[in-house]
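Engineer: The following block contains the structure, expressed as structure tokens.
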Amino acid sequence: MWPTRLRVVQDAAVFVILTLYTSHLAGSISISSSQRSFTRSVQDSVFFSVDVTCSGVPNVQWTFMSSAVSRLIVTWQPLNITEDYSNRVQAFANGSMVLSDLRLQDTGYYVVTITDAAGSSKDAGFVLKVNEVLYEDLHYLLITALALAAMAVLSMLSMWLLHKAYKKMVVWRRRRRMPANDATELQPFEDNPDNNRPETVN
């Protein structure tokens with residue numbers, strides 16, 4: 001009976017040691033990132049920046065998860081990009097990843113898994129929301145901008161015409177206030193017969 005209990009104790013001790021050792025190995029992996037949540041528009045790019053520290057050369061794996069699907073994006077070392085992301089993913093040695101030409105279906109959760117040389121791993125999650133570009137709104141804004149520009153041009157033209165009309169009216173009023181230049185009529189000189197008579201001496 002004692003040997004059985006001793007074996008149980010030994011097994012428990014081994015399990016505790018293995019658990020502590022695994023926890024220690026996992027604790028040696030560090031994943032840090034300055035931003036975990038992103039909002040982008042369709043056809044934009046997103047840069048999932050991470051800084052990984054671990055023992056040895058890490059194996060990096062990025063996975064996409066949503067309510068409808070879960071799929072592998074890329075792994076390295078060695079580099080292996082899945083077909084769905086072959087032209088849209090750029091991987092970096094520090095574990096970071098760029099995903100370009102975003103689509104609405106890219107909205108979801110992105111998990112990076114770092115595995116060290118000892119086989120221990122650690123995860124970090126990111127959230128991406130992709131918004132649709134509403135071309136109807138852009139069309140409306142364009143029409144509004146054109147209408148405002150046309151109104152501005154008409155307003156400037158109206159002000160120019162009013163200015164020209166005002167100047168013409170001022171000139172017309174000045175001309176009306178000027179005195180009339182009447183020609184002076186010359187009166188003809190008439191001979192008086194009395195003026196030709198000699199003076200009478202009384």
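Residue numbers start at 1 in each chain; chains themselves are named A, B, ... in the order of the structure tokens; ligands are numbered from 1 in the order shown.
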With DSSP run on the backbone, what are the helix (DSSP H, G or I) residues within segment 119-159 of chain A? I'd like them as a ChimeraX atom specification.
Structural biologist: /A:135-159
Engineer: Those same residues - N, CA and C atoms - I'd like them written as a short mmCIF file (atom, residue, chain, number, x, y, z; two decimals), in the first residue's frame.
Structural biologist:
```cif
data_model
loop_
_atom_site.label_atom_id
_atom_site.label_comp_id
_atom_site.auth_asym_id
_atom_site.auth_seq_id
_atom_site.Cartn_x
_atom_site.Cartn_y
_atom_site.Cartn_z
N TYR A 135 -20.14 55.29 -51.88
CA TYR A 135 -19.93 56.12 -53.06
C TYR A 135 -21.12 57.04 -53.31
N GLU A 136 -22.31 56.65 -52.83
CA GLU A 136 -23.45 57.54 -52.99
C GLU A 136 -23.23 58.82 -52.21
N ASP A 137 -22.66 58.72 -51.02
CA ASP A 137 -22.37 59.92 -50.23
C ASP A 137 -21.32 60.78 -50.92
N LEU A 138 -20.31 60.14 -51.50
CA LEU A 138 -19.29 60.91 -52.22
C LEU A 138 -19.90 61.62 -53.42
N HIS A 139 -20.82 60.94 -54.11
CA HIS A 139 -21.49 61.56 -55.25
C HIS A 139 -22.31 62.76 -54.80
N TYR A 140 -23.01 62.60 -53.70
CA TYR A 140 -23.81 63.71 -53.16
C TYR A 140 -22.92 64.88 -52.76
N LEU A 141 -21.78 64.59 -52.13
CA LEU A 141 -20.87 65.66 -51.73
C LEU A 141 -20.29 66.37 -52.95
N LEU A 142 -20.00 65.61 -54.00
CA LEU A 142 -19.47 66.22 -55.22
C LEU A 142 -20.50 67.15 -55.85
N ILE A 143 -21.76 66.69 -55.94
CA ILE A 143 -22.81 67.53 -56.52
C ILE A 143 -23.00 68.79 -55.68
N THR A 144 -22.98 68.65 -54.36
CA THR A 144 -23.14 69.80 -53.48
C THR A 144 -22.01 70.80 -53.67
N ALA A 145 -20.78 70.29 -53.80
CA ALA A 145 -19.64 71.18 -53.99
C ALA A 145 -19.74 71.92 -55.32
N LEU A 146 -20.16 71.23 -56.38
CA LEU A 146 -20.33 71.88 -57.67
C LEU A 146 -21.43 72.94 -57.62
N ALA A 147 -22.53 72.65 -56.93
CA ALA A 147 -23.61 73.62 -56.82
C ALA A 147 -23.16 74.86 -56.06
N LEU A 148 -22.41 74.68 -54.98
CA LEU A 148 -21.90 75.82 -54.23
C LEU A 148 -20.93 76.65 -55.07
N ALA A 149 -20.10 75.97 -55.86
CA ALA A 149 -19.17 76.70 -56.72
C ALA A 149 -19.92 77.51 -57.78
N ALA A 150 -20.97 76.91 -58.35
CA ALA A 150 -21.76 77.63 -59.35
C ALA A 150 -22.45 78.85 -58.73
N MET A 151 -22.97 78.70 -57.51
CA MET A 151 -23.60 79.83 -56.83
C MET A 151 -22.59 80.93 -56.55
N ALA A 152 -21.37 80.54 -56.19
CA ALA A 152 -20.33 81.54 -55.93
C ALA A 152 -19.98 82.31 -57.19
N VAL A 153 -19.89 81.60 -58.33
CA VAL A 153 -19.58 82.26 -59.59
C VAL A 153 -20.71 83.22 -59.98
N LEU A 154 -21.97 82.78 -59.84
CA LEU A 154 -23.09 83.65 -60.16
C LEU A 154 -23.13 84.87 -59.26
N SER A 155 -22.82 84.68 -58.01
CA SER A 155 -22.81 85.81 -57.08
C SER A 155 -21.74 86.83 -57.47
N MET A 156 -20.55 86.34 -57.83
CA MET A 156 -19.48 87.25 -58.25
C MET A 156 -19.86 87.98 -59.54
N LEU A 157 -20.50 87.28 -60.49
CA LEU A 157 -20.93 87.91 -61.73
C LEU A 157 -21.98 88.98 -61.48
N SER A 158 -22.92 88.68 -60.58
CA SER A 158 -23.96 89.66 -60.25
C SER A 158 -23.36 90.91 -59.62
N MET A 159 -22.40 90.73 -58.72
CA MET A 159 -21.76 91.88 -58.09
C MET A 159 -21.01 92.72 -59.13
#
```
Engineer: Taking 5 positions as the minimum chain separation for residues in the same chain, which residues sit within 9 Å of segment 128-133 of chain A when counting only C-alpha atoms? Answer as number ranges by chain.
Structural biologist: A: 36-42, 44, 46, 102-110, 138
Engineer: Using only C-alpha atoms, please write the residues we just selected to a file, as a PDB file, in the first residue's frame.
Structural biologist:
```
ATOM      1  CA  ARG A  36      -4.847  46.321 -30.467  1.00  0.00           C
ATOM      2  CA  SER A  37      -7.936  47.784 -32.171  1.00  0.00           C
ATOM      3  CA  PHE A  38      -8.119  49.201 -35.695  1.00  0.00           C
ATOM      4  CA  THR A  39     -10.757  50.808 -37.919  1.00  0.00           C
ATOM      5  CA  ARG A  40     -10.097  51.073 -41.622  1.00  0.00           C
ATOM      6  CA  SER A  41     -11.980  51.570 -44.896  1.00  0.00           C
ATOM      7  CA  VAL A  42     -12.267  49.219 -47.846  1.00  0.00           C
ATOM      8  CA  ASP A  44      -6.982  50.527 -47.091  1.00  0.00           C
ATOM      9  CA  VAL A  46      -3.557  47.876 -41.677  1.00  0.00           C
ATOM     10  CA  LEU A 102      -8.917  45.381 -47.133  1.00  0.00           C
ATOM     11  CA  ARG A 103     -12.382  43.992 -47.728  1.00  0.00           C
ATOM     12  CA  LEU A 104     -15.538  43.956 -45.659  1.00  0.00           C
ATOM     13  CA  GLN A 105     -14.954  40.256 -44.986  1.00  0.00           C
ATOM     14  CA  ASP A 106     -11.693  41.134 -43.221  1.00  0.00           C
ATOM     15  CA  THR A 107     -13.621  42.485 -40.249  1.00  0.00           C
ATOM     16  CA  GLY A 108     -12.952  40.271 -37.248  1.00  0.00           C
ATOM     17  CA  TYR A 109     -10.294  39.095 -34.806  1.00  0.00           C
ATOM     18  CA  TYR A 110      -6.632  38.496 -35.622  1.00  0.00           C
ATOM     19  CA  LEU A 138     -19.291  60.907 -52.217  1.00  0.00           C
TER      20      LEU A 138
END
```
Engineer: From a DSSP pass on the backbone, collect the residues of segment 67-101 of chain A flagged as strand (DSSP E) and hand them back as a VMD selection string.
Structural biologist: chain A and resid 70 to 76 80 to 81 89 to 91 97 to 99
Engineer: Nearest to Asp101 of chain A among A:Ser28, A:Ser55, A:Ser45, A:Ser67, with distances taken over only C-alpha atoms: which residue is it?
Structural biologist: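 For Asp101 of chain A, the nearest of the candidates is A:Ser45.
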Engineer: Could you please determine the separation between atom CA of Ser120 of chain A and atom CA of Gln77 of chain A in Å, to one decimal place?
Structural biologist: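 Going from atom CA of Ser120 of chain A over to atom CA of Gln77 of chain A, I get 15.4 Å.
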Engineer: Considering only C-alpha atoms, state which residue in the set A:Gln61, A:Ser70, A:Gln43, A:Thr53 is at the smallest distance from Asn94 of chain A.
Structural biologist: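 Closest candidate: A:Thr53.
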Engineer: So that I can check the surroundings of Asp84 of chain A, please list as a ChimeraX atom specification every protein, DNA and RNA residue that reaches within 12 Å of it, counting only C-alpha atoms and ignoring chain neighbours fewer than 6 positions away.
Structural biologist: /A:64,71-74,99,105-106
Engineer: Which neighbours of Pro78 of chain A fall inside 10 Å, counting only C-alpha atoms, when residues of the same chain fewer than 3 positions from it are skipped, and could you give them as a PyMOL selection string?
Structural biologist: chain A and resi 59-60+74-75+81
Engineer: Export N, CA and C atoms of the chosen residues as a compact mmCIF listing (two decimals), in the first residue's frame?
Structural biologist:
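Output file selection38.txt is given in full below:
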```txt
# COMPACT_ATOMS: atom_id res chain seq x y z
N ASN A 59 8.59 30.85 -33.94
CA ASN A 59 7.70 30.54 -35.05
C ASN A 59 6.47 31.40 -34.89
N VAL A 60 6.15 32.17 -35.93
CA VAL A 60 5.05 33.13 -35.87
C VAL A 60 3.90 32.63 -36.72
N VAL A 74 -0.87 33.34 -42.28
CA VAL A 74 0.53 33.20 -42.63
C VAL A 74 1.29 32.61 -41.44
N THR A 75 2.34 31.89 -41.74
CA THR A 75 3.26 31.39 -40.73
C THR A 75 4.69 31.61 -41.22
N ILE A 81 2.42 31.74 -46.81
CA ILE A 81 1.20 32.55 -46.86
C ILE A 81 0.13 31.75 -47.57
```
